[in-house]
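Shown next: entry-v7.pdb, given as PDB, C-alpha atoms and all ligand atoms.
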ATOM      1  CA  MET M 222     -28.366 -77.496  86.034
ATOM      2  CA  SER M 223     -27.423 -74.764  88.512
ATOM      3  CA  ASN M 224     -25.041 -72.006  87.557
ATOM      4  CA  ASP M 225     -22.420 -73.391  89.943
ATOM      5  CA  ASP M 226     -22.689 -76.839  88.319
ATOM      6  CA  ARG M 227     -22.330 -75.282  84.894
ATOM      7  CA  ASN M 228     -19.261 -73.298  85.990
ATOM      8  CA  GLU M 229     -17.717 -76.416  87.530
ATOM      9  CA  ARG M 230     -18.355 -78.442  84.368
ATOM     10  CA  HIS M 231     -16.837 -75.672  82.213
ATOM     11  CA  LYS M 232     -13.768 -75.519  84.462
ATOM     12  CA  LYS M 233     -13.221 -79.303  84.181
ATOM     13  CA  ALA M 234     -13.619 -79.205  80.397
ATOM     14  CA  MET M 235     -11.098 -76.346  80.148
ATOM     15  CA  GLN M 236      -8.646 -78.238  82.380
ATOM     16  CA  ARG M 237      -8.923 -81.297  80.125
ATOM     17  CA  ARG M 238      -8.396 -79.159  77.032
ATOM     18  CA  LYS M 239      -5.356 -77.469  78.581
ATOM     19  CA  GLU M 240      -3.815 -80.858  79.381
ATOM     20  CA  ILE M 241      -4.242 -81.951  75.746
ATOM     21  CA  VAL M 242      -2.824 -78.687  74.385
ATOM     22  CA  ASP M 243       0.104 -78.748  76.828
ATOM     23  CA  GLU M 244       0.908 -82.311  75.807
ATOM     24  CA  LYS M 245       0.874 -81.347  72.126
ATOM     25  CA  ILE M 246       3.118 -78.353  72.827
ATOM     26  CA  ALA M 247       5.532 -80.617  74.711
ATOM     27  CA  GLN M 248       5.589 -83.059  71.775
ATOM     28  CA  ALA M 249       6.349 -80.344  69.176
ATOM     29  CA  GLN M 250      10.111 -80.239  69.632
ATOM     30  CA  THR M 251      11.361 -79.870  66.063
ATOM     31  CA  GLU M 252      12.670 -76.438  65.202
ATOM     32  CA  ARG M 253      12.913 -75.673  61.500
ATOM     33  CA  GLY M 254      11.304 -73.560  58.841
ATOM     34  CA  VAL M 255       8.067 -74.811  57.321
ATOM     35  CA  PHE M 256       6.743 -75.156  53.797
ATOM     36  CA  ILE M 257       3.165 -73.866  53.583
ATOM     37  CA  VAL M 258       0.763 -74.123  50.639
ATOM     38  CA  ILE M 259      -2.353 -71.921  50.530
ATOM     39  CA  THR M 260      -4.552 -73.177  47.712
ATOM     40  CA  GLY M 261      -8.220 -73.570  46.731
ATOM     41  CA  ASN M 262     -10.717 -71.431  44.859
ATOM     42  CA  GLY M 263     -11.749 -69.123  47.699
ATOM     43  CA  LYS M 264     -10.542 -65.611  48.463
ATOM     44  CA  GLY M 265      -7.700 -65.227  50.942
ATOM     45  CA  LYS M 266      -4.596 -66.960  49.570
ATOM     46  CA  THR M 267      -2.365 -64.014  48.739
ATOM     47  CA  SER M 268      -3.685 -61.935  51.620
ATOM     48  CA  SER M 269      -2.868 -64.786  54.025
ATOM     49  CA  ALA M 270       0.680 -65.039  52.676
ATOM     50  CA  ILE M 271       1.127 -61.257  52.908
ATOM     51  CA  GLY M 272      -0.201 -61.336  56.470
ATOM     52  CA  THR M 273       2.481 -63.871  57.385
ATOM     53  CA  ALA M 274       5.112 -61.772  55.594
ATOM     54  CA  VAL M 275       4.088 -58.772  57.720
ATOM     55  CA  ARG M 276       4.320 -61.007  60.781
ATOM     56  CA  SER M 277       7.922 -61.870  59.895
ATOM     57  CA  LEU M 278       8.838 -58.294  58.971
ATOM     58  CA  GLY M 279       7.357 -57.094  62.260
ATOM     59  CA  HIS M 280       9.872 -59.241  64.105
ATOM     60  CA  GLY M 281      12.698 -57.696  62.071
ATOM     61  CA  PHE M 282      13.199 -60.708  59.781
ATOM     62  CA  LYS M 283      14.073 -60.484  56.093
ATOM     63  CA  VAL M 284      11.383 -61.618  53.677
ATOM     64  CA  GLY M 285      11.423 -62.411  49.952
ATOM     65  CA  LEU M 286       8.199 -61.817  48.026
ATOM     66  CA  ILE M 287       8.153 -63.139  44.482
ATOM     67  CA  GLN M 288       4.871 -62.607  42.675
ATOM     68  CA  PHE M 289       4.129 -64.579  39.506
ATOM     69  CA  ILE M 290       1.352 -62.165  38.681
ATOM     70  CA  LYS M 291       0.271 -60.914  35.327
ATOM     71  CA  GLY M 292      -1.600 -57.802  36.367
ATOM     72  CA  THR M 293       0.344 -54.570  36.192
ATOM     73  CA  GLN M 294      -1.715 -52.661  38.758
ATOM     74  CA  ALA M 295       0.088 -51.996  42.053
ATOM     75  CA  THR M 296      -1.617 -53.667  45.016
ATOM     76  CA  GLY M 297      -2.121 -51.909  48.350
ATOM     77  CA  GLU M 298       0.138 -54.379  50.137
ATOM     78  CA  VAL M 299       3.010 -53.705  47.749
ATOM     79  CA  LEU M 300       2.521 -49.932  47.982
ATOM     80  CA  TYR M 301       2.625 -50.297  51.749
ATOM     81  CA  LEU M 302       5.562 -52.710  52.016
ATOM     82  CA  GLN M 303       7.789 -51.886  49.035
ATOM     83  CA  ASP M 304      10.049 -49.455  50.922
ATOM     84  CA  ASP M 305      10.702 -51.851  53.807
ATOM     85  CA  PRO M 306      14.474 -52.490  53.586
ATOM     86  CA  ASN M 307      13.916 -56.047  54.860
ATOM     87  CA  LEU M 308      11.606 -56.916  51.950
ATOM     88  CA  TYR M 309      13.082 -58.315  48.706
ATOM     89  CA  LEU M 310      10.345 -57.898  46.133
ATOM     90  CA  HIS M 311      10.088 -59.014  42.543
ATOM     91  CA  GLN M 312       6.985 -59.140  40.366
ATOM     92  CA  MET M 313       6.534 -60.737  36.967
ATOM     93  CA  LYS M 314       3.953 -58.246  35.649
ATOM     94  CA  THR M 315       3.616 -59.541  32.095
ATOM     95  CA  GLY M 316       0.064 -58.500  31.344
ATOM     96  CA  PHE M 317      -2.667 -61.100  31.037
ATOM     97  CA  THR M 318      -2.077 -64.137  28.850
ATOM     98  CA  TRP M 319      -5.311 -63.612  26.967
ATOM     99  CA  GLU M 320      -4.069 -60.119  26.140
ATOM    100  CA  THR M 321      -0.474 -60.964  25.241
ATOM    101  CA  GLN M 322      -1.257 -64.406  23.704
ATOM    102  CA  ASN M 323       2.431 -65.054  23.513
ATOM    103  CA  ARG M 324       3.426 -68.282  25.229
ATOM    104  CA  ASP M 325       7.143 -67.848  24.597
ATOM    105  CA  ALA M 326       7.061 -64.406  26.224
ATOM    106  CA  ASP M 327       5.142 -65.844  29.204
ATOM    107  CA  ILE M 328       7.688 -68.652  29.619
ATOM    108  CA  ALA M 329      10.566 -66.177  29.442
ATOM    109  CA  ALA M 330       8.858 -63.959  32.040
ATOM    110  CA  ALA M 331       8.214 -66.926  34.357
ATOM    111  CA  ARG M 332      11.823 -68.079  34.081
ATOM    112  CA  GLU M 333      13.140 -64.586  34.670
ATOM    113  CA  THR M 334      10.927 -64.247  37.757
ATOM    114  CA  TRP M 335      12.018 -67.674  39.033
ATOM    115  CA  SER M 336      15.651 -66.549  38.677
ATOM    116  CA  HIS M 337      14.878 -63.949  41.391
ATOM    117  CA  ALA M 338      13.422 -66.622  43.694
ATOM    118  CA  LEU M 339      16.393 -69.000  43.499
ATOM    119  CA  PRO M 340      18.986 -66.864  45.347
ATOM    120  CA  LEU M 341      16.436 -66.172  48.097
ATOM    121  CA  LEU M 342      15.788 -69.912  48.507
ATOM    122  CA  SER M 343      19.500 -70.505  49.166
ATOM    123  CA  ASN M 344      20.081 -67.499  51.421
ATOM    124  CA  PRO M 345      19.958 -68.369  55.144
ATOM    125  CA  ASP M 346      19.466 -64.703  56.031
ATOM    126  CA  ILE M 347      15.970 -64.800  54.518
ATOM    127  CA  HIS M 348      13.414 -65.929  57.104
ATOM    128  CA  LEU M 349      10.453 -66.330  54.753
ATOM    129  CA  VAL M 350      10.044 -66.608  50.976
ATOM    130  CA  VAL M 351       6.575 -66.118  49.483
ATOM    131  CA  LEU M 352       6.068 -67.567  45.997
ATOM    132  CA  ASP M 353       2.751 -65.946  45.183
ATOM    133  CA  GLU M 354       0.718 -67.499  42.328
ATOM    134  CA  ILE M 355       3.542 -69.859  41.336
ATOM    135  CA  THR M 356       1.056 -72.763  41.061
ATOM    136  CA  TYR M 357      -0.079 -71.437  37.660
ATOM    137  CA  MET M 358       3.500 -71.432  36.325
ATOM    138  CA  LEU M 359       3.596 -75.174  37.043
ATOM    139  CA  LYS M 360       0.096 -75.776  35.721
ATOM    140  CA  TYR M 361       0.839 -74.079  32.397
ATOM    141  CA  GLY M 362       4.252 -75.784  32.203
ATOM    142  CA  TYR M 363       6.160 -72.490  32.274
ATOM    143  CA  LEU M 364       8.230 -73.878  35.160
ATOM    144  CA  SER M 365       8.752 -77.545  35.999
ATOM    145  CA  ILE M 366       8.034 -79.200  39.321
ATOM    146  CA  GLU M 367      11.446 -80.906  38.973
ATOM    147  CA  GLU M 368      13.190 -77.573  39.374
ATOM    148  CA  VAL M 369      10.792 -75.804  41.743
ATOM    149  CA  LEU M 370      10.291 -78.513  44.384
ATOM    150  CA  PRO M 371      14.000 -79.282  45.045
ATOM    151  CA  ALA M 372      14.748 -75.568  45.388
ATOM    152  CA  ILE M 373      12.042 -75.349  48.061
ATOM    153  CA  MET M 374      12.998 -78.582  49.829
ATOM    154  CA  ASN M 375      16.750 -77.800  49.872
ATOM    155  CA  ARG M 376      16.325 -74.309  51.310
ATOM    156  CA  PRO M 377      18.182 -73.326  54.505
ATOM    157  CA  ALA M 378      16.836 -75.213  57.540
ATOM    158  CA  HIS M 379      15.350 -72.211  59.306
ATOM    159  CA  GLN M 380      13.764 -70.634  56.246
ATOM    160  CA  SER M 381      10.015 -70.937  55.638
ATOM    161  CA  VAL M 382       8.291 -70.851  52.255
ATOM    162  CA  ILE M 383       4.688 -70.047  51.360
ATOM    163  CA  VAL M 384       3.309 -71.030  47.965
ATOM    164  CA  THR M 385      -0.052 -69.611  46.900
ATOM    165  CA  GLY M 386      -2.411 -70.219  44.006
ATOM    166  CA  ARG M 387      -5.224 -72.461  42.862
ATOM    167  CA  ALA M 388      -4.753 -76.027  41.619
ATOM    168  CA  ALA M 389      -1.477 -76.629  43.446
ATOM    169  CA  HIS M 390       0.609 -79.484  41.984
ATOM    170  CA  ARG M 391       0.131 -82.651  44.048
ATOM    171  CA  ASP M 392       3.881 -82.927  44.696
ATOM    172  CA  LEU M 393       3.694 -79.522  46.408
ATOM    173  CA  LEU M 394       0.795 -80.737  48.569
ATOM    174  CA  GLU M 395       2.608 -83.970  49.429
ATOM    175  CA  ASN M 396       5.824 -82.253  50.454
ATOM    176  CA  ALA M 397       4.379 -79.250  52.293
ATOM    177  CA  ASP M 398       4.268 -79.192  56.098
ATOM    178  CA  THR M 399       1.066 -77.148  56.172
ATOM    179  CA  VAL M 400      -1.614 -77.072  53.478
ATOM    180  CA  SER M 401      -4.711 -74.899  53.660
ATOM    181  CA  GLU M 402      -7.372 -75.153  51.001
ATOM    182  CA  ILE M 403      -9.632 -72.109  50.968
ATOM    183  CA  ASN M 404     -13.120 -73.148  50.039
ATOM    184  CA  PRO M 405     -15.355 -70.449  48.512
ATOM    185  CA  LEU M 406     -18.720 -70.757  50.217
ATOM    186  CA  LYS M 407     -19.633 -67.351  48.733
ATOM    187  CA  HIS M 408     -17.915 -64.516  46.887
ATOM    188  CA  ALA M 409     -19.346 -61.011  46.574
ATOM    189  CA  PHE M 410     -18.380 -60.901  42.887
ATOM    190  CA  GLU M 411     -20.987 -63.579  42.127
ATOM    191  CA  ALA M 412     -23.662 -61.259  43.569
ATOM    192  CA  GLY M 413     -22.548 -58.574  41.117
ATOM    193  CA  ILE M 414     -20.486 -56.543  43.593
ATOM    194  CA  LYS M 415     -17.527 -54.893  41.892
ATOM    195  CA  ALA M 416     -13.959 -55.724  42.940
ATOM    196  CA  GLN M 417     -12.857 -53.024  45.366
ATOM    197  CA  VAL M 418      -9.614 -51.169  45.885
ATOM    198  CA  GLY M 419      -8.213 -51.877  49.324
ATOM    199  CA  ILE M 420     -10.114 -55.170  49.522
ATOM    200  CA  GLU M 421      -9.320 -57.060  46.330
ATOM    201  CA  TRP M 422      -6.064 -55.346  45.429
TER     202      TRP M 422
HETATM  203  P1  LIG O 501      -6.647 -62.333  47.897
HETATM  204  O1  LIG O 501      -5.543 -61.643  47.130
HETATM  205  O2  LIG O 501      -7.811 -61.416  48.102
HETATM  206  O3  LIG O 501      -6.160 -63.020  49.125
HETATM  207  P2  LIG O 501      -6.594 -64.835  46.474
HETATM  208  O4  LIG O 501      -5.123 -64.705  46.426
HETATM  209  O5  LIG O 501      -7.161 -65.938  47.291
HETATM  210  O6  LIG O 501      -7.233 -63.454  46.931
HETATM  211  P3  LIG O 501      -6.605 -65.083  43.585
HETATM  212  O7  LIG O 501      -7.114 -66.320  42.929
HETATM  213  O8  LIG O 501      -5.157 -64.820  43.593
HETATM  214  O9  LIG O 501      -7.231 -65.010  45.051
HETATM  215  O10 LIG O 501      -7.386 -63.909  42.906
HETATM  216  C1  LIG O 501      -7.104 -62.600  43.183
HETATM  217  C2  LIG O 501      -8.322 -61.740  42.997
HETATM  218  O11 LIG O 501      -9.495 -62.484  42.682
HETATM  219  C3  LIG O 501      -8.660 -60.966  44.251
HETATM  220  O12 LIG O 501      -9.134 -59.741  43.829
HETATM  221  C4  LIG O 501      -9.754 -61.792  44.883
HETATM  222  O13 LIG O 501     -10.638 -61.042  45.678
HETATM  223  C5  LIG O 501     -10.460 -62.343  43.706
HETATM  224  N1  LIG O 501     -11.036 -63.651  44.016
HETATM  225  C6  LIG O 501     -10.498 -64.622  44.764
HETATM  226  N2  LIG O 501     -11.312 -65.693  44.861
HETATM  227  C7  LIG O 501     -12.406 -65.379  44.129
HETATM  228  C8  LIG O 501     -13.660 -66.067  43.832
HETATM  229  N3  LIG O 501     -13.900 -67.281  44.327
HETATM  230  N4  LIG O 501     -14.543 -65.421  43.032
HETATM  231  C9  LIG O 501     -14.289 -64.189  42.538
HETATM  232  N5  LIG O 501     -13.153 -63.498  42.774
HETATM  233  C10 LIG O 501     -12.222 -64.078  43.571
HETATM  234 MG    MG O 502      -3.696 -64.616  44.968
END

Give the structure from this file in structure tokens form.
Ligand code: ATP
Ligand code: MG
Amino acid sequence: MSNDDRNERHKKAMQRRKEIVDEKIAQAQTERGVFIVITGNGKGKTSSAIGTAVRSLGHGFKVGLIQFIKGTQATGEVLYLQDDPNLYLHQMKTGFTWETQNRDADIAAARETWSHALPLLSNPDIHLVVLDEITYMLKYGYLSIEEVLPAIMNRPAHQSVIVTGRAAHRDLLENADTVSEINPLKHAFEAGIKAQVGIEW
């Protein structure tokens, strides 16, 4: 095939693709916030949610970041974002379960952390609420799906929510607008490479 033929063929293919994309854009008419779940065993769930939070903050929106994390070490993203007046941040920080071995204390910490999420999920001034690692609170039964899902689904119409964590409850997957499952094809840790500051936390 001559170069001209190839260019012509490419141009036609691009035109067809543009028509399809334009049609899809024309069909997407609903304007409302979305409920996103980022799950799976691969690396990139929290960092994806934080990336979207930065995206919102960059446009001057208010963002709530509630982290159901056990580690007490400050992450780079929190060090970077914590002074942003548009960010409402709360972290559970209970220490690891296998260290505390106190289920009642874990439940109390989860409930206390959830109590910081609830007002955000009913505040129309908040553009995006990130519920980082909340899937484990449901998995361990520290929080119930019967209280978490309605709070997400009844949020203000223009608010978006991102839930992260492995083994997301199926009711979350069913009700979410967007679900991404990150599949670990490889992870450096398995090759004996140490977790690194600025990359892993
Ligand atoms: P990140 O915060 O890097 O986006 P994540 O939120 O997808 O990761 P988590 O399950 O929350 O992953 O685990 C957090 C930590 O575990 C991070 O340091 C991350 O690099 C690491 N990690 C994530 N997935 C894996 C994996 N498949 N194997 C080993 N370590 C992992
Ligand atoms: Mg994470």

Next item on the list: Using the chain letters and numbering of this document, enumerate as a VMD selection string the residues selected by the PyMOL selection byres (((chain M and resi 422) around 8) and not hetatm).
Entry: chain M and resid 295 to 298 417 to 421

Note to self: Would you pick out the contacts of Val258 of chain M at 8 Å or less, using all atoms listed in the file, so that residues sharing its chain but fewer than 5 positions from it are not included, and give the list as a PyMOL selection string?
What the structure shows: chain M and resi 383-385+389+393-394+397+399-401

Show me a table, sorted first by chain and then by increasing residue number, of the residues of chain M having an atom at most 6 Å from ligand LIG 501 (chain O), each with its shortest atom pair and the distance in Å to one decimal, counting all atoms listed in the file and written as a Markdown table.
| residue | atom | partner | partner_atom | distance |
| --- | --- | --- | --- | --- |
| M:Asn262 | CA | O:LIG501 | N3 | 5.3 |
| M:Gly263 | CA | O:LIG501 | N3 | 4.4 |
| M:Lys264 | CA | O:LIG501 | O5 | 3.6 |
| M:Gly265 | CA | O:LIG501 | O3 | 3.2 |
| M:Lys266 | CA | O:LIG501 | O5 | 3.6 |
| M:Thr267 | CA | O:LIG501 | O4 | 3.7 |
| M:Ser268 | CA | O:LIG501 | O3 | 3.7 |
| M:Pro405 | CA | O:LIG501 | N3 | 5.4 |
| M:His408 | CA | O:LIG501 | N4 | 5.2 |
| M:Phe410 | CA | O:LIG501 | C9 | 5.3 |
| M:Glu421 | CA | O:LIG501 | O12 | 3.7 |
| M:Trp422 | CA | O:LIG501 | O12 | 5.6 |

Report as lines of an AutoDock Vina configuration file the centre and the edge lengths, in Å to one decimal, of the axis-aligned box holding every listed atom of segment 300-303 of chain M, padded by 4 Å on each side.
center_x = 5.2
center_y = -51.3
center_z = 50.0
size_x = 13.3
size_y = 10.8
size_z = 12.0

Checklist line | Selected residue of minimal separation from ligand MG 502 (chain O) among M:Lys415, M:Arg324, M:Arg376, M:Lys291, counting all atoms listed in the file | finding: M:Lys291

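Residue nearest ligand MG 502 (chain O), chosen from M:Met313, M:Ala338, M:Ile290, M:Leu349 and counting only C-alpha atoms and all ligand atoms: M:Ile290.
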
Check: Taking the file as shown, what set of residues would the PyMOL selection byres (((chain M and resi 357-362) around 12) and not hetatm) give back, as a ChimeraX atom specification?
Finding: /M:260,288-291,313,318,324-325,327-335,352-356,363-370,384-393

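Non-sequential neighbours of Arg253 of chain M (distance at most 8 Å, separation of 6 or more positions within a chain, only C-alpha atoms) are Ala378, His379 and Gln380 of chain M.
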
Next item on the list: May I have the residues within 6 Å of Ser381 of chain M as a list in words, using all atoms listed in the file and disregarding those fewer than 5 positions away in the same chain?
Entry: Gly254, Val255, Phe256 and Leu349 of chain M

Next item on the list: May I ask for the distance between atom CA of Met235 of chain M and atom CA of Thr251 of chain M, given in Å to one decimal place?
Entry: 26.7 Å

Item checked: Close residues, Tyr309 of chain M itself excluded, 10 Å, all atoms listed in the file, min 5 positions apart in chain, as an NGL selection string -> :M and (283-287 or 302-304 or 337-338 or 341 or 347 or 350)

Just to be explicit: take each residue in the selection above, keep C-alpha atoms, and write the result as a short mmCIF file (atom, residue, chain, number, x, y, z; two decimals), in the frame of the given file.
data_model
loop_
_atom_site.label_atom_id
_atom_site.label_comp_id
_atom_site.auth_asym_id
_atom_site.auth_seq_id
_atom_site.Cartn_x
_atom_site.Cartn_y
_atom_site.Cartn_z
CA LYS M 283 14.07 -60.48 56.09
CA VAL M 284 11.38 -61.62 53.68
CA GLY M 285 11.42 -62.41 49.95
CA LEU M 286 8.20 -61.82 48.03
CA ILE M 287 8.15 -63.14 44.48
CA LEU M 302 5.56 -52.71 52.02
CA GLN M 303 7.79 -51.89 49.04
CA ASP M 304 10.05 -49.46 50.92
CA HIS M 337 14.88 -63.95 41.39
CA ALA M 338 13.42 -66.62 43.69
CA LEU M 341 16.44 -66.17 48.10
CA ILE M 347 15.97 -64.80 54.52
CA VAL M 350 10.04 -66.61 50.98
#

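Nearest residue to ligand MG 502 (chain O) among M:Ala412, M:Ala234, M:Ile403, M:Ala249 is M:Ile403, counting all atoms listed in the file.
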